[in-house]
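*Asks:* Pasting a structure below so you can have a look.
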Amino acid sequence: MSDRAHAVIVGVVRCRVAPALLATAVVAAVSLAVPGRVTATPEQSPATHDPSPPPASAATVSLAVGSKKFTESVILGEIVTQLIRSTGVEATHRDQLGGTRVLWNSLVGGEIDVYPEYTGTLRHEILGLGSAGDDDAVAARLAAAGVSMTAPLGFNNTYALGMTESKARELGVETITDLQRHPRLRFGFTSEFMDRADGWPGLRRRYSLPQPSVRGLDHDLAYRGLASDGLDVIDLYSTDAEIRYHRLRVLADDLRYFPDYHAVVLYRSDLATRAPAAVAAISRLEGLIGEQRMIALNAAAKLERQPEVAVAASFLAERLGIHTTAEVETRRQRIARRTLEHLGLVALSLAAAIVVAIPLGIVAARRARIGQLVLGLVGIVQTIPSLALLVFMIPLLGIGAPPALAALFLYSLLPIVRNTYTGLHDIRPELLESADAMGLPRRARLRIVELPLATRSILAGIKTSAVINIGTATLGALIGAGGYGQPILTGIRLDDIGLILEGAVPAALLALAAQGLFDLGERLVVPRGLRLAASE
Amino acid sequence: MLELKGVAKAYGSQRVLGPLSLEIAAAGTTVLIGPSGCGKSTLLRLVLGLVTPSDGEVVFEGRPLALTELPATRRKMGYVIQDGGLFPHLSARDNATLMARHLDWAPARTEARLAELCELTHFPDDGLDRYPLQLSGGQRQRVSLIRALMLDPDLLLLDEPLSALDPMIRSGLQKDLRAVFTALDKTVVLVTHDLAEAAYFADHLVLMQQGRIVQQGTLEELEHSPASEFVTDYLDAQRGALRPSPAS
């Protein structure tokens with residue numbers, strides 16, 4: 001439950017092989033371009049942990065805490081992060097990384113060290129144990145993956161179905177079984193709930209639900225669907241802050257379909273030696289957060305719009321007497337940081353794409369057969385949905401900026417390759433013959449005649465790439481790359497238009513600025529003799 | 001100077017030229033003439049190595065054209081085509097001096113040569129910094145001629161150099177062109193479809209038809225002892241154009 005990763009993420013991770021081949025070609029280059037990346041080395045496979053890691057003092061260890069892209073997970077992640085920091089161990093919170101698969105793979109791969117999870121998700125979605133597997137089986141599988149788990153934190157955030165109180169009363173629906181009598185009700189479920197083994201498919205079978213109208217959508221949008229009467233029944237999480245706010249009725253799971261989803265914290269087993277203090281601190285959370293408490297924390301963040309950092313800090317102060325110096329950035333600092341992140345993503349990936357795509361375009365124009373192959377390949381890359389491409393990169397490059405850079409790099413190729421190819425291809429043949437007849441060698445012809453004649457076209461390709469890149473980079477936030485996508489994600493999650501605009505407006509401005517910059521650049525780069533052609 | 005020995009060109013089974021043999025002596029102007037599609041432009045392009053013969057060989061200054069030496073050999077030839085083939089992104093000056101710069105000539109030497117050729121072709125100095133699009137058709141052809149002569153080639157090849165120009169400009173440029181040929185004493189091969197123009201320039205005429213040479217010699221020889229009926233027909237068809245030409 002509670003995993004609101006896009007269905008796309010879940011879907012595509014399962015079939016990552018073919019694009020991985022494609023991507024491998026560029027991984028090396030991109031890795032080189034990103035110094036200091038924390039890598040999950042192949043030796044660190046989950047089953048073969050180094051039995052004796054070098055004893056590290058608390059000061060040198062830096063832990064990464066992950067969280068999924070929904071408020072409760074972010075709050076829990078923030079609590080864990082601040083708790084670890086309070087022991088003197090450095091910790092960073094990589095919030096809103098995406099869905100279960102992304103988090104679990106990152107944990108096993110060593111990209112992150114800790115993240116909050118739910119027992120039901122762990123059992124069904126991650127380990128695929130079904131209801132047959134007992135606790136021992138879970139423990140054995142976790143141990144094999146080099147992962148440890150805390151005792152439950154104290155609340156059970158299970159899936160539930162909900163309707164507005166008024167509609168439920170009108171139709172007399174109290175239990176999920178009651179839904180059988182109303183086949184025309186419109187269901188709206190999170191994409192992940194639609195797909196998971198323990199989600200909608202099983203629920204429909206258990207209760208023999210007849211409703212034909214079922215659509216998948218983002219959880220945060222589902223509440224709005226209910227409120228605007230576009231939907232009748234949605235999936236809920238029993239600790240959602242909105243249940244009370246929207247006056248929803250939670251339908252009783254009378255056939256006891258939904259398993260337990262007790263919140264726990266998963267961490268890499270090697271933390272016991274790498275940062276024992278952190279493990280001890282995390283265990284203080286066991287049994288500490290009851291259902292009502294969690295609903296209150298969720299409400300503080302979602303309904304009262306307090307930053308998760310502050311919500312977590314006041315929880316720790318109140319319950320554990322731990323006072324952390326939770327720094328809340330000002331809006332200006334936030335925007336500045338995200339601008340830097342976004343510019344970094346765009347500039348690096350675009351620069352790499354230019355360096356690779358122009359030679360590719362030249363080769364394509366020179367050799368017809370290779371040209372068709374090259375254009376075909378970069379064309380195929382372009383057809384991969386951007387979210388999917390980002391997720392393909394995770395197994396290869398982990399989370400954060402590197403996979404985003406690689407995906408953006410791949411997306412930026414096509415317009416530049418194609419425009420370089422077209423620019424060279426469209427040069428009048430008699431000009432090329434004139435150059436040859438003068439006795440100009442091929443290489444000099446390319447440099448002195450062909451490339452200058454193609455500059456306008458090449459530049460237009462780079463401009464297109466830059467604008468696409470700036471827009472696509474907002475999706476990088478889904479895999480922890482930061483940038484303007486971060487506030488957009490958070491804004492959708494919190495239903496906060498202001499936050500969404502805080503990401504969307506700068507992104508749009510940046511795209512406009514890039515366009516203007518290239519128009520200006522055209523005057524500097526495109527030879528004057530060619531610009532005359534346009535004006536006459 | 002230049003010799004074509006049994007040269008033929010075919011694309012697949014489609015023969016477009018030859019086999020033909022032709023010898024061009026040093027100095028003097030040879031004009032290739034014939035109806036369009038007779039292979040006269042292809043012949044020029046064979047000489048430049050822009051087209052490789054399917055059969056036979058082209059011998060330039062005593063040596064067969066070799067693929068590896070093409071750039072060096074081509075620098076001993078100047079080539080002017082119908083619309084000049086000037087690079088639109090370069091000024092007239094840069095077009096003309098492109099090869100000199102590529103070969104690292106001293107700037108003073110390049111400038112001197114350029115000034116000399118401008119004077120010879122009557123190209124105004126202030127036009128040098130213009131781009132091809134800012135020049136008239138006639139001036140573009142002058143720049144193209146300067147570019148072709150820049151490296152002082154032994155052989156000058158012109159493919160319909162005046163055909164795209166309107167009649168007034170054309171006749172002016174014809175005079176200048178002939179003056180240049182005379183002044184420089186180069187070996188010139190010129191292609192045209194216009195008999196009047198051919199007669200104006202030619203020391204030696206080569207009449208072609210369907211990829212073959214029908215007859216060569218002076219205009220008088222062609223008129224008085226035609227090798228075939230085609231020669232007479234061709235001359236008759238063009239005769240109207242012969243009279244008002246500057247040659248008459």
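Letters A, B, ... mark the chains of the structure tokens in the order given; residue numbers begin at 1 per chain; ligand numbers begin at 1, in order shown.
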If you count only C-alpha atoms, which residues fall within 9 Å of Leu207 (chain B), apart from same-chain ones fewer than 5 positions away, as an NGL selection string?

*Replies:* :B and (31-34 or 212-217 or 222 or 231)

*Asks:* Could you list the residues in chain B lying within 8 Å of chain A, using only C-alpha atoms, and format the result as a PDB file with C-alpha atoms, in the first residue's frame?

*Replies:*
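Final output, out35.pdb:
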ATOM      1  CA  LEU B  48      38.749  17.139 -63.008  1.00  0.00           C
ATOM      2  CA  LEU B  50      34.875  14.571 -60.279  1.00  0.00           C
ATOM      3  CA  LEU B  70      43.558  14.401 -57.093  1.00  0.00           C
ATOM      4  CA  PRO B  71      43.633  17.403 -54.733  1.00  0.00           C
ATOM      5  CA  ALA B  72      47.153  18.310 -55.828  1.00  0.00           C
ATOM      6  CA  THR B  73      46.345  17.814 -59.518  1.00  0.00           C
ATOM      7  CA  ARG B  74      43.151  19.844 -59.272  1.00  0.00           C
ATOM      8  CA  ARG B  75      45.108  22.791 -57.942  1.00  0.00           C
ATOM      9  CA  MET B  77      43.254  23.356 -62.899  1.00  0.00           C
ATOM     10  CA  GLY B  78      40.788  26.184 -62.533  1.00  0.00           C
ATOM     11  CA  TYR B  79      37.058  25.399 -62.760  1.00  0.00           C
ATOM     12  CA  GLY B  85      29.543  27.822 -57.392  1.00  0.00           C
ATOM     13  CA  LEU B  86      30.581  30.483 -54.897  1.00  0.00           C
ATOM     14  CA  PHE B  87      30.228  29.617 -51.206  1.00  0.00           C
ATOM     15  CA  PRO B  88      27.421  31.823 -49.894  1.00  0.00           C
ATOM     16  CA  HIS B  89      28.852  32.018 -46.371  1.00  0.00           C
ATOM     17  CA  LEU B  90      32.115  33.531 -47.545  1.00  0.00           C
ATOM     18  CA  SER B  91      32.762  37.032 -48.902  1.00  0.00           C
ATOM     19  CA  MET B  99      42.761  27.806 -51.402  1.00  0.00           C
ATOM     20  CA  TYR B 131      28.860  38.219 -50.062  1.00  0.00           C
ATOM     21  CA  PRO B 132      27.763  36.330 -53.176  1.00  0.00           C
ATOM     22  CA  LEU B 133      24.131  37.219 -52.508  1.00  0.00           C
ATOM     23  CA  ALA B 148      39.745  29.652 -60.456  1.00  0.00           C
TER      24      ALA B 148
END

*Asks:* Which residues, written as a list in words, have at least one atom at most 8 Å from Ala252 (chain A), with only C-alpha atoms counted and residues fewer than 5 positions away on the same chain left out?

*Replies:*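 Near Ala252 (chain A), the qualifying residues are Ala160, Glu174, Thr175 and Ile176 of chain A.
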
*Asks:* Residues as selected, N, CA and C atoms, written as a PDB file, in the first residue's frame, can you do that?

*Replies:*
ATOM      1  N   ALA A 160      -7.606   0.958   1.885  1.00  0.00           N
ATOM      2  CA  ALA A 160      -9.038   0.930   2.184  1.00  0.00           C
ATOM      3  C   ALA A 160      -9.726   1.554   1.001  1.00  0.00           C
ATOM      4  N   GLU A 174     -21.828   0.487   3.308  1.00  0.00           N
ATOM      5  CA  GLU A 174     -20.981   0.524   4.498  1.00  0.00           C
ATOM      6  C   GLU A 174     -19.763  -0.378   4.369  1.00  0.00           C
ATOM      7  N   THR A 175     -19.926  -1.461   3.623  1.00  0.00           N
ATOM      8  CA  THR A 175     -18.815  -2.402   3.464  1.00  0.00           C
ATOM      9  C   THR A 175     -18.464  -2.505   1.977  1.00  0.00           C
ATOM     10  N   ILE A 176     -17.321  -3.125   1.716  1.00  0.00           N
ATOM     11  CA  ILE A 176     -16.923  -3.308   0.319  1.00  0.00           C
ATOM     12  C   ILE A 176     -17.918  -4.243  -0.380  1.00  0.00           C
TER      13      ILE A 176
END

*Asks:* Just want the 12 Å neighbourhood of region 108-124 of chain B, counted on only C-alpha atoms, with same-chain residues fewer than 4 positions away dropped. Output as a PyMOL selection string.

*Replies:* chain B and resi 92-104+128-130+135-136+138-152+172-184

*Asks:* Among the residues of region 16-207 of chain B, find those DSSP assigns to helix (DSSP H, G or I) from the backbone and print them as a ChimeraX atom specification.

*Replies:* /B:40-48,67-74,92-102,107-121,125-127,132-134,137-149,167-184,195-201

*Asks:* Save out the residues we just selected, C-alpha atoms, as a compact mmCIF listing (two decimals), in the first residue's frame.

*Replies:*
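Printed below is result_36.txt as written:
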# COMPACT_ATOMS: atom_id res chain seq x y z
CA LYS B 40 30.32 17.85 -72.89
CA SER B 41 29.94 18.70 -69.19
CA THR B 42 30.66 15.11 -68.24
CA LEU B 43 33.87 15.34 -70.22
CA LEU B 44 35.00 18.35 -68.16
CA ARG B 45 34.13 16.58 -64.95
CA LEU B 46 36.15 13.57 -66.07
CA VAL B 47 39.15 15.80 -66.56
CA LEU B 48 38.75 17.14 -63.01
CA LEU B 67 42.89 9.17 -57.12
CA THR B 68 45.44 9.81 -54.39
CA GLU B 69 46.88 12.86 -56.12
CA LEU B 70 43.56 14.40 -57.09
CA PRO B 71 43.63 17.40 -54.73
CA ALA B 72 47.15 18.31 -55.83
CA THR B 73 46.34 17.81 -59.52
CA ARG B 74 43.15 19.84 -59.27
CA ALA B 92 34.04 37.46 -52.44
CA ARG B 93 37.53 37.88 -51.02
CA ASP B 94 37.33 34.77 -48.89
CA ASN B 95 35.91 32.76 -51.77
CA ALA B 96 38.73 33.87 -54.05
CA THR B 97 41.52 33.32 -51.54
CA LEU B 98 40.20 30.15 -49.89
CA MET B 99 42.76 27.81 -51.40
CA ALA B 100 45.63 30.25 -51.00
CA ARG B 101 44.83 30.47 -47.30
CA HIS B 102 44.44 26.72 -47.05
CA PRO B 107 49.16 37.25 -46.91
CA ALA B 108 51.14 39.70 -49.00
CA ARG B 109 51.43 37.20 -51.82
CA THR B 110 47.71 36.44 -51.67
CA GLU B 111 46.81 40.14 -51.68
CA ALA B 112 49.08 40.88 -54.61
CA ARG B 113 47.66 38.01 -56.65
CA LEU B 114 44.12 39.05 -55.78
CA ALA B 115 44.72 42.67 -56.80
CA GLU B 116 46.26 41.53 -60.06
CA LEU B 117 43.28 39.31 -60.91
CA CYS B 118 40.73 41.95 -59.91
CA GLU B 119 42.28 44.33 -62.33
CA LEU B 120 42.47 41.72 -65.05
CA THR B 121 38.82 40.73 -64.69
CA ASP B 125 37.93 46.38 -55.14
CA ASP B 126 34.99 47.47 -53.04
CA GLY B 127 33.08 44.38 -54.11
CA PRO B 132 27.76 36.33 -53.18
CA LEU B 133 24.13 37.22 -52.51
CA GLN B 134 25.03 40.91 -52.64
CA GLY B 137 25.29 37.51 -61.63
CA GLY B 138 28.07 38.95 -63.79
CA GLN B 139 30.16 39.94 -60.81
CA ARG B 140 29.69 36.53 -59.27
CA GLN B 141 31.15 35.00 -62.44
CA ARG B 142 34.12 37.37 -62.23
CA VAL B 143 34.75 36.30 -58.63
CA SER B 144 34.43 32.70 -59.69
CA LEU B 145 36.99 33.32 -62.42
CA ILE B 146 39.34 35.02 -59.95
CA ARG B 147 38.96 32.05 -57.62
CA ALA B 148 39.74 29.65 -60.46
CA LEU B 149 42.85 31.62 -61.47
CA PRO B 167 22.49 39.27 -72.88
CA MET B 168 23.95 42.73 -72.08
CA ILE B 169 26.04 41.55 -69.20
CA ARG B 170 26.91 38.48 -71.14
CA SER B 171 28.46 40.29 -74.02
CA GLY B 172 30.51 42.49 -71.69
CA LEU B 173 31.79 39.52 -69.82
CA GLN B 174 32.54 37.66 -73.04
CA LYS B 175 34.94 40.42 -74.05
CA ASP B 176 36.60 40.46 -70.66
CA LEU B 177 36.88 36.72 -70.62
CA ARG B 178 38.57 36.59 -74.00
CA ALA B 179 40.92 39.35 -72.94
CA VAL B 180 41.86 37.32 -69.89
CA PHE B 181 42.49 34.19 -71.94
CA THR B 182 44.71 36.13 -74.28
CA ALA B 183 46.56 37.94 -71.52
CA LEU B 184 47.26 34.83 -69.45
CA LEU B 195 27.54 28.36 -81.40
CA ALA B 196 28.01 32.13 -81.44
CA GLU B 197 29.82 32.00 -78.14
CA ALA B 198 31.83 29.02 -79.30
CA ALA B 199 32.89 30.79 -82.47
CA TYR B 200 33.85 33.88 -80.47
CA PHE B 201 36.22 32.01 -78.15

*Asks:* Please report the interatomic distance between CA of Leu153 (chain A) and CA of His262 (chain A) in Å with one decimal.

*Replies:*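 Separating CA of Leu153 (chain A) from CA of His262 (chain A) is a distance of 7.3 Å.
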
*Asks:* Which neighbours of Phe155 (chain A) fall inside 10 Å, counting only C-alpha atoms, when residues of the same chain fewer than 5 positions from it are skipped, and could you give them as a list in words?

*Replies:*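 Within the cut-off, the hits are Tyr118, Ser238, Thr239, Asp260, Tyr261, His262, Ala263, Val264, Gly287, Leu288, Ile289, Gly290, Glu291, Gln292, Arg293, Met294 and Ile295 of chain A.
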
*Asks:* Give me, please, the distance in Å between CA of Val147 (chain A) and CA of Glu308 (chain A), quoted to one decimal.

*Replies:*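 Rounded to one decimal, the two atoms are 26.1 Å apart.
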
*Asks:* Which residues, written as JSON, numbers by chain, have at least one atom at most 12 Å from Ala310 (chain A), with only C-alpha atoms counted and residues fewer than 3 positions away on the same chain left out?

*Replies:* {"A": [74, 75, 78, 79, 82, 297, 300, 301, 304, 305, 306, 307, 313, 314, 315, 316, 317, 323, 324, 325, 326, 327, 328, 329]}

*Asks:* Would you export the selected residues with C-alpha atoms as a PDB file, in the first residue's frame, please?

*Replies:*
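See out.pdb below for the written result:
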ATOM      1  CA  VAL A  74       8.612  11.884   3.256  1.00  0.00           C
ATOM      2  CA  ILE A  75       7.747  12.701   6.886  1.00  0.00           C
ATOM      3  CA  GLU A  78      12.727  13.147   7.460  1.00  0.00           C
ATOM      4  CA  ILE A  79      12.213  11.880  11.025  1.00  0.00           C
ATOM      5  CA  GLN A  82      17.050  13.996  11.737  1.00  0.00           C
ATOM      6  CA  LEU A 297       1.608  14.424  11.215  1.00  0.00           C
ATOM      7  CA  ALA A 300       0.235  19.042   9.597  1.00  0.00           C
ATOM      8  CA  ALA A 301       2.143  18.619   6.370  1.00  0.00           C
ATOM      9  CA  GLU A 304      -1.551  22.971   7.344  1.00  0.00           C
ATOM     10  CA  ARG A 305       1.219  23.145   4.787  1.00  0.00           C
ATOM     11  CA  GLN A 306       4.051  22.845   7.264  1.00  0.00           C
ATOM     12  CA  PRO A 307       7.296  21.724   5.668  1.00  0.00           C
ATOM     13  CA  ALA A 313      11.528  18.243  13.972  1.00  0.00           C
ATOM     14  CA  SER A 314       8.571  19.045  16.207  1.00  0.00           C
ATOM     15  CA  PHE A 315       7.686  15.347  16.440  1.00  0.00           C
ATOM     16  CA  LEU A 316      11.211  14.463  17.585  1.00  0.00           C
ATOM     17  CA  ALA A 317      11.239  17.322  20.066  1.00  0.00           C
ATOM     18  CA  HIS A 323      16.037  19.158  19.354  1.00  0.00           C
ATOM     19  CA  THR A 324      17.400  19.303  15.881  1.00  0.00           C
ATOM     20  CA  THR A 325      18.387  22.366  14.005  1.00  0.00           C
ATOM     21  CA  ALA A 326      16.026  21.842  11.175  1.00  0.00           C
ATOM     22  CA  GLU A 327      16.906  24.388   8.585  1.00  0.00           C
ATOM     23  CA  VAL A 328      14.013  25.482   6.485  1.00  0.00           C
ATOM     24  CA  GLU A 329      15.180  27.197   3.349  1.00  0.00           C
TER      25      GLU A 329
END

*Asks:* Name all residues at most 10 Å from region 104-114 of chain A (count only C-alpha atoms; drop same-chain ones fewer than 2 positions away) and give them as a ChimeraX atom specification.

*Replies:* /A:38-47,62-67,77,80-81,91-94,97,99-102,116-117,122,126,142,145-149,265-271,279,282,394-395,397-400

*Asks:* Would you give me, as a VMD selection string, the residues in region 56-217 of chain B that DSSP reads as strand (DSSP E)?

*Replies:* chain B and resid 56 to 60 63 to 64 77 to 80 155 to 159 187 to 192 204 to 209 212 to 217

*Asks:* CA of Ala25 (chain B) to CA of Thr218 (chain B): how many Å, to one decimal?

*Replies:* 14.6 Å

*Asks:* Counting only C-alpha atoms, which of A:Asn156, A:Gly376, A:Met393, A:Ala365 gets nearest to Asn419 (chain A)?

*Replies:* A:Ala365
